[in-house]
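For reference, the structure discussed in these notes is given below.
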Amino acid sequence: MIGSGIGGAAAAALLAAKEFDVLLLERNRSAGGKTGSYEREGFTCDMGVHYAGRGDRGPLGEVARRVSADLHFIKKDPFLRMMKGERSRDLSLRLTSFPSLAKLGSLIGVRAKNLPGVYRFFRTLKSVKTEQDVVPYDGRTMKEFLFTCTEDEELHRLIDTFCGLLLAVPYGEASAGEFLWGFATWARDASCSYPRGGFGRVASSYIEACERFGGRVRHGEAARGIRVEEGRAVGVETEEDFYPAEVVVSNAGIRRTIDLAGRDSFETDYVDRAMKLKDSAGVVTIKYAVDCGLVDLPITIHYDPGSDFSKSLADMSRGVVPDDPPLYIPCPTLADPELAPEGQHLLMVGTVVPASFEAKDLAEKVLDRVEEKMKVIVPGLYDHIVWKHRANLDYIGAMGGRGAGEAIGLAQRFDQVGKLKPAARMPVEGLYLVGCDAGGRGIGTEQAADSALKVVDEILARTRSEA
Ligand SMILES: Cc1cc2nc3c(=O)[nH]c(=O)nc-3n(C[C@H](O)[C@H](O)[C@H](O)COP(=O)(O)OP(=O)(O)OC[C@H]3O[C@@H](n4cnc5c(N)ncnc54)[C@H](O)[C@@H]3O)c2cc1C
């Protein structure tokens, strides 16, 4: 296994539980990729800014159950404060219940004449029960699909903002199938929650399970190459050693994995297509450790009336700093107070920017803007800071190791999901992808865990049929 992001850690544990002799190689000193945690002055802080949309009812919980991982999700209800400018509504975990929809509708200001179309949209959302239900929407953009329901500008603005925050893709490019699946399961499961002990517990609990089943884990040892002989992956090279393997699973992303195995190992068409695949947009964050409670719900989402996420992302690609970046503001210590010294809290904020490291200077200015907005959204914040950590794109990029600050992995765009998404089984015998580049559906971490569940099923089916 190359990489211990949620995808790699989950697949390692699942395979070890099925009696595979697993060796996991992770280039970083700690586990979790984008979801690791660190300790600072008595706080356990996430390297990213995370919440689990479906908690123990989604794929993160399913992996934990299958490998008996020591992972527990904490729920709070109501859990989400939606803010549009200065107005706000507190929403319960049952996001598509009538009271929540009525509150959301009154916050965003849907026009009365558009209510039938808005109702049609939410009825479609509620009708999503299985992955098959969203397949027909995979190849359409969310914007196209929404126009078939309603032209209501305020609903369009809200869904564009959600596409940005959940998929890091603007709604004019995001796959309607992916968005509908992510949003519908988030609402249906009513289980949005946070792992006890910090988000880093997800990958580390899977790794503990992997080791319990006899798997070995080496941190700080990067894969430098995947050896391919006669069209078959036969092992992994690092600076220290060569590790022979019958199956190689890579969490390093499709492009890096192709380069590790050598482009000559694949057909030219496959390499060309993979190199053209687009990653999600990036994200920059600020973590505030504060000496008192300043918010009372675990997640706040803030966007401004008149703001346009798609336009501001396009503007940022041309170097323009947006006035009103939408903000995602989790407070994990409301779920798990033990992440901070008694009475103190962690407040985190993230916003979407282009992923390329070339956007670092712009991202720095976006972070300045985020700080100005946070002073208004969370009054008193700047009087209570114990420490503050601003993370630009290179920090995010160091966690995943793909050479950019992408938030998710491959973008869940209309032209690269479902049947158009790269298959987990690569066209080299014994070589598989896992994580957000392959096989799964859902929001961020849950897509990675879903990928692990599916990839492991495929490996088991394949190795059994070979046996
Ligand atoms: C700031 C931020 C906020 C987010 N918020 C949320 C949220 O609230 N909810 C949510 O569900 N998702 C969220 N996400 C998205 C989510 O974190 C990712 O989509 C998910 O964690 C990706 O998992 P992964 O397994 O695909 O890969 P990654 O986490 O990218 O892991 C890849 C791993 O492979 C390792 N690796 C790469 N190359 C090598 C090599 N050559 N040798 C050895 N190891 C290697 C890397 O070091 C890394 O550990 C957020 C992301 C960010 C950055």
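In the structure tokens, chains take letters A, B, ... by order of appearance, with residues numbered from 1 within each chain and ligands from 1 in the order shown.
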Sorted per-residue table, chain A near ligand 1, closest atoms and distance, 6 Å, only C-alpha atoms and all ligand atoms, as a tab-separated table:
```
residue	atom	partner	partner_atom_place_in_ligand_line	distance
A:Ile2	CA	ligand 1	43 (C)	4.8
A:Gly3	CA	ligand 1	34 (O)	3.4
A:Ser4	CA	ligand 1	49 (O)	4.5
A:Gly5	CA	ligand 1	31 (O)	3.3
A:Ile6	CA	ligand 1	25 (O)	4.1
A:Gly7	CA	ligand 1	25 (O)	3.5
A:Gly8	CA	ligand 1	25 (O)	5.6
A:Leu25	CA	ligand 1	43 (C)	5.2
A:Glu26	CA	ligand 1	44 (N)	3.8
A:Arg27	CA	ligand 1	43 (C)	4.0
A:Asn28	CA	ligand 1	47 (O)	5.2
A:Gly32	CA	ligand 1	49 (O)	5.4
A:Gly33	CA	ligand 1	49 (O)	3.2
A:Lys34	CA	ligand 1	29 (O)	3.9
A:Thr35	CA	ligand 1	17 (O)	5.3
A:Gly48	CA	ligand 1	1 (C)	3.7
A:Val49	CA	ligand 1	3 (C)	4.2
A:His50	CA	ligand 1	8 (O)	3.4
A:Tyr51	CA	ligand 1	8 (O)	4.0
A:Ala52	CA	ligand 1	9 (N)	5.2
A:Ala222	CA	ligand 1	42 (N)	3.6
A:Ala223	CA	ligand 1	42 (N)	3.9
A:Arg224	CA	ligand 1	41 (N)	5.9
A:Asn251	CA	ligand 1	34 (O)	4.8
A:Ala252	CA	ligand 1	37 (C)	3.9
A:Val283	CA	ligand 1	1 (C)	5.5
A:Ile396	CA	ligand 1	53 (C)	5.5
A:Met399	CA	ligand 1	47 (O)	5.6
A:Gly400	CA	ligand 1	30 (O)	3.6
A:Gly401	CA	ligand 1	37 (C)	4.8
A:Ala407	CA	ligand 1	53 (C)	4.1
A:Ile408	CA	ligand 1	19 (O)	3.4
A:Gly409	CA	ligand 1	19 (O)	5.8
A:Gly435	CA	ligand 1	26 (O)	3.4
A:Cys436	CA	ligand 1	26 (O)	3.8
A:Ile443	CA	ligand 1	11 (O)	4.9
A:Gly444	CA	ligand 1	19 (O)	3.3
A:Thr445	CA	ligand 1	11 (O)	3.7
A:Glu446	CA	ligand 1	11 (O)	5.4
A:Ala448	CA	ligand 1	26 (O)	4.8
```
Output the selection as a compact mmCIF listing (two decimals), in the first residue's frame - N, CA, C and O atoms for each residue.
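Once everything was written out, this is part_37.txt:
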```
# COMPACT_ATOMS: atom_id res chain seq x y z
N ILE A 2 0.66 2.12 -0.97
CA ILE A 2 1.43 3.37 -1.02
C ILE A 2 0.52 4.49 -0.54
O ILE A 2 -0.45 4.83 -1.21
N GLY A 3 0.81 5.04 0.63
CA GLY A 3 0.05 6.19 1.12
C GLY A 3 -0.95 5.82 2.20
O GLY A 3 -1.64 4.79 2.10
N SER A 4 -1.02 6.67 3.23
CA SER A 4 -1.95 6.41 4.34
C SER A 4 -2.96 7.53 4.49
O SER A 4 -3.31 7.91 5.60
N GLY A 5 -3.43 8.11 3.35
CA GLY A 5 -4.62 8.96 3.43
C GLY A 5 -5.77 8.07 3.86
O GLY A 5 -5.59 6.86 4.09
N ILE A 6 -6.97 8.64 3.96
CA ILE A 6 -8.11 7.80 4.40
C ILE A 6 -8.26 6.60 3.46
O ILE A 6 -8.51 5.49 3.90
N GLY A 7 -8.07 6.84 2.15
CA GLY A 7 -8.23 5.75 1.19
C GLY A 7 -7.22 4.63 1.43
O GLY A 7 -7.59 3.46 1.55
N GLY A 8 -5.95 4.99 1.55
CA GLY A 8 -4.90 3.98 1.73
C GLY A 8 -5.00 3.29 3.08
O GLY A 8 -4.85 2.07 3.18
N LEU A 25 3.42 1.96 3.09
CA LEU A 25 4.53 2.93 3.05
C LEU A 25 3.94 4.33 2.95
O LEU A 25 3.14 4.60 2.05
N GLU A 26 4.31 5.20 3.88
CA GLU A 26 3.79 6.57 3.88
C GLU A 26 4.97 7.54 3.86
O GLU A 26 5.86 7.43 4.70
N ARG A 27 4.96 8.48 2.93
CA ARG A 27 6.08 9.41 2.82
C ARG A 27 6.16 10.39 3.99
O ARG A 27 7.24 10.83 4.37
N ASN A 28 5.00 10.74 4.56
CA ASN A 28 5.01 11.66 5.70
C ASN A 28 5.34 10.92 6.99
O ASN A 28 5.24 9.70 7.06
N GLY A 32 -2.60 9.78 7.58
CA GLY A 32 -3.85 10.51 7.36
C GLY A 32 -3.88 11.40 6.13
O GLY A 32 -4.93 11.91 5.77
N GLY A 33 -2.72 11.65 5.50
CA GLY A 33 -2.72 12.53 4.33
C GLY A 33 -3.36 13.86 4.68
O GLY A 33 -2.94 14.51 5.65
N LYS A 34 -4.42 14.23 3.95
CA LYS A 34 -5.05 15.54 4.19
C LYS A 34 -5.77 15.61 5.54
O LYS A 34 -6.18 16.69 5.95
N THR A 35 -5.94 14.47 6.19
CA THR A 35 -6.77 14.46 7.40
C THR A 35 -5.99 14.21 8.69
O THR A 35 -6.59 13.89 9.71
N GLY A 48 -6.13 19.72 8.23
CA GLY A 48 -7.14 20.31 7.35
C GLY A 48 -8.21 20.98 8.19
O GLY A 48 -7.95 21.45 9.32
N VAL A 49 -9.41 21.03 7.67
CA VAL A 49 -10.55 21.61 8.38
C VAL A 49 -11.72 20.68 8.07
O VAL A 49 -12.34 20.79 7.03
N HIS A 50 -11.95 19.71 8.95
CA HIS A 50 -12.81 18.59 8.55
C HIS A 50 -14.03 18.37 9.42
O HIS A 50 -14.01 18.61 10.61
N TYR A 51 -15.07 17.84 8.79
CA TYR A 51 -16.23 17.27 9.44
C TYR A 51 -16.69 16.10 8.59
O TYR A 51 -16.45 16.10 7.38
N ALA A 52 -17.29 15.09 9.21
CA ALA A 52 -17.71 13.90 8.45
C ALA A 52 -19.20 14.01 8.15
O ALA A 52 -20.03 13.95 9.07
N ALA A 222 9.00 7.02 1.49
CA ALA A 222 8.21 7.26 0.26
C ALA A 222 8.49 6.19 -0.78
O ALA A 222 9.62 5.71 -0.89
N ALA A 223 7.45 5.83 -1.53
CA ALA A 223 7.67 4.97 -2.70
C ALA A 223 8.37 5.80 -3.76
O ALA A 223 7.97 6.93 -4.05
N ARG A 224 9.46 5.28 -4.31
CA ARG A 224 10.18 5.99 -5.39
C ARG A 224 9.87 5.36 -6.74
O ARG A 224 10.09 5.97 -7.77
N ASN A 251 -2.33 5.13 -3.19
CA ASN A 251 -3.17 6.24 -2.73
C ASN A 251 -2.53 7.58 -3.17
O ASN A 251 -2.89 8.64 -2.69
N ALA A 252 -1.55 7.48 -4.09
CA ALA A 252 -0.76 8.66 -4.46
C ALA A 252 -1.38 9.45 -5.61
O ALA A 252 -0.77 10.40 -6.09
N VAL A 283 -7.77 24.64 -1.26
CA VAL A 283 -8.39 25.25 -0.09
C VAL A 283 -7.29 25.82 0.79
O VAL A 283 -6.20 25.27 0.84
N ILE A 396 -1.17 22.54 2.47
CA ILE A 396 -2.18 21.54 2.08
C ILE A 396 -1.52 20.52 1.14
O ILE A 396 -1.72 19.32 1.25
N MET A 399 0.49 17.68 2.60
CA MET A 399 -0.26 16.58 3.22
C MET A 399 -0.56 15.48 2.20
O MET A 399 -0.46 14.31 2.49
N GLY A 400 -0.95 15.89 0.99
CA GLY A 400 -1.38 14.89 0.00
C GLY A 400 -0.25 14.44 -0.91
O GLY A 400 -0.24 13.31 -1.39
N GLY A 401 0.69 15.35 -1.18
CA GLY A 401 1.87 14.97 -1.96
C GLY A 401 1.65 14.88 -3.45
O GLY A 401 2.38 14.19 -4.15
N ALA A 407 -8.14 20.32 -2.69
CA ALA A 407 -8.85 19.98 -1.45
C ALA A 407 -9.25 18.51 -1.43
O ALA A 407 -9.21 17.87 -0.38
N ILE A 408 -9.65 17.97 -2.58
CA ILE A 408 -10.29 16.66 -2.57
C ILE A 408 -9.40 15.59 -3.21
O ILE A 408 -9.09 14.59 -2.60
N GLY A 409 -9.02 15.81 -4.46
CA GLY A 409 -8.35 14.81 -5.29
C GLY A 409 -8.84 15.10 -6.70
O GLY A 409 -9.01 16.28 -7.06
N GLY A 435 -8.59 5.85 -3.05
CA GLY A 435 -8.69 7.25 -2.62
C GLY A 435 -9.58 8.01 -3.57
O GLY A 435 -10.34 7.42 -4.35
N CYS A 436 -9.46 9.34 -3.53
CA CYS A 436 -10.43 10.16 -4.27
C CYS A 436 -10.23 10.12 -5.78
O CYS A 436 -11.01 10.71 -6.51
N ILE A 443 -18.58 12.85 -0.48
CA ILE A 443 -17.85 14.08 -0.15
C ILE A 443 -16.48 13.70 0.42
O ILE A 443 -16.40 12.92 1.37
N GLY A 444 -15.42 14.23 -0.15
CA GLY A 444 -14.06 14.14 0.37
C GLY A 444 -13.68 12.84 1.04
O GLY A 444 -13.49 11.81 0.39
N THR A 445 -13.58 12.88 2.36
CA THR A 445 -13.10 11.72 3.11
C THR A 445 -13.98 10.50 2.87
O THR A 445 -13.51 9.37 2.88
N GLU A 446 -15.29 10.74 2.64
CA GLU A 446 -16.20 9.61 2.49
C GLU A 446 -16.04 8.97 1.12
O GLU A 446 -16.18 7.76 0.96
N ALA A 448 -13.14 8.82 -0.31
CA ALA A 448 -11.90 8.03 -0.17
C ALA A 448 -12.19 6.69 0.51
O ALA A 448 -11.69 5.64 0.08
```
Which residues of range 75-171 of chain A sit at most 10 Å from range 361-377 of chain A, using only C-alpha atoms? Give each one's shortest atom pair and distance in Å (one decimal place), in chain and ascending residue order, as CSV.
```
residue,atom,partner,partner_atom,distance
A:Met83,CA,A:Ile377,CA,9.0
A:Gly85,CA,A:Ile377,CA,8.8
A:Glu86,CA,A:Ile377,CA,7.9
```
What's the 10 Å shell around Pro427 in chain A, counting only C-alpha atoms, without same-chain residues fewer than 6 positions away, as a count of residues only? 6
Under the rule that only C-alpha atoms are counted, which of A:Glu342, A:Asp46, A:Glu230, A:Glu208 is the nearest residue to Ala13 in chain A?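 Closest residue, counting only C-alpha atoms: A:Glu208.
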Sorted per-residue table, range 151-201 of chain A near range 290-308 of chain A, closest atoms and distance, 8 Å, only C-alpha atoms, as CSV:
```
residue,atom,partner,partner_atom,distance
A:Arg157,CA,A:Asp308,CA,6.4
A:Asp160,CA,A:Asp308,CA,7.7
A:Thr161,CA,A:Tyr303,CA,7.5
```
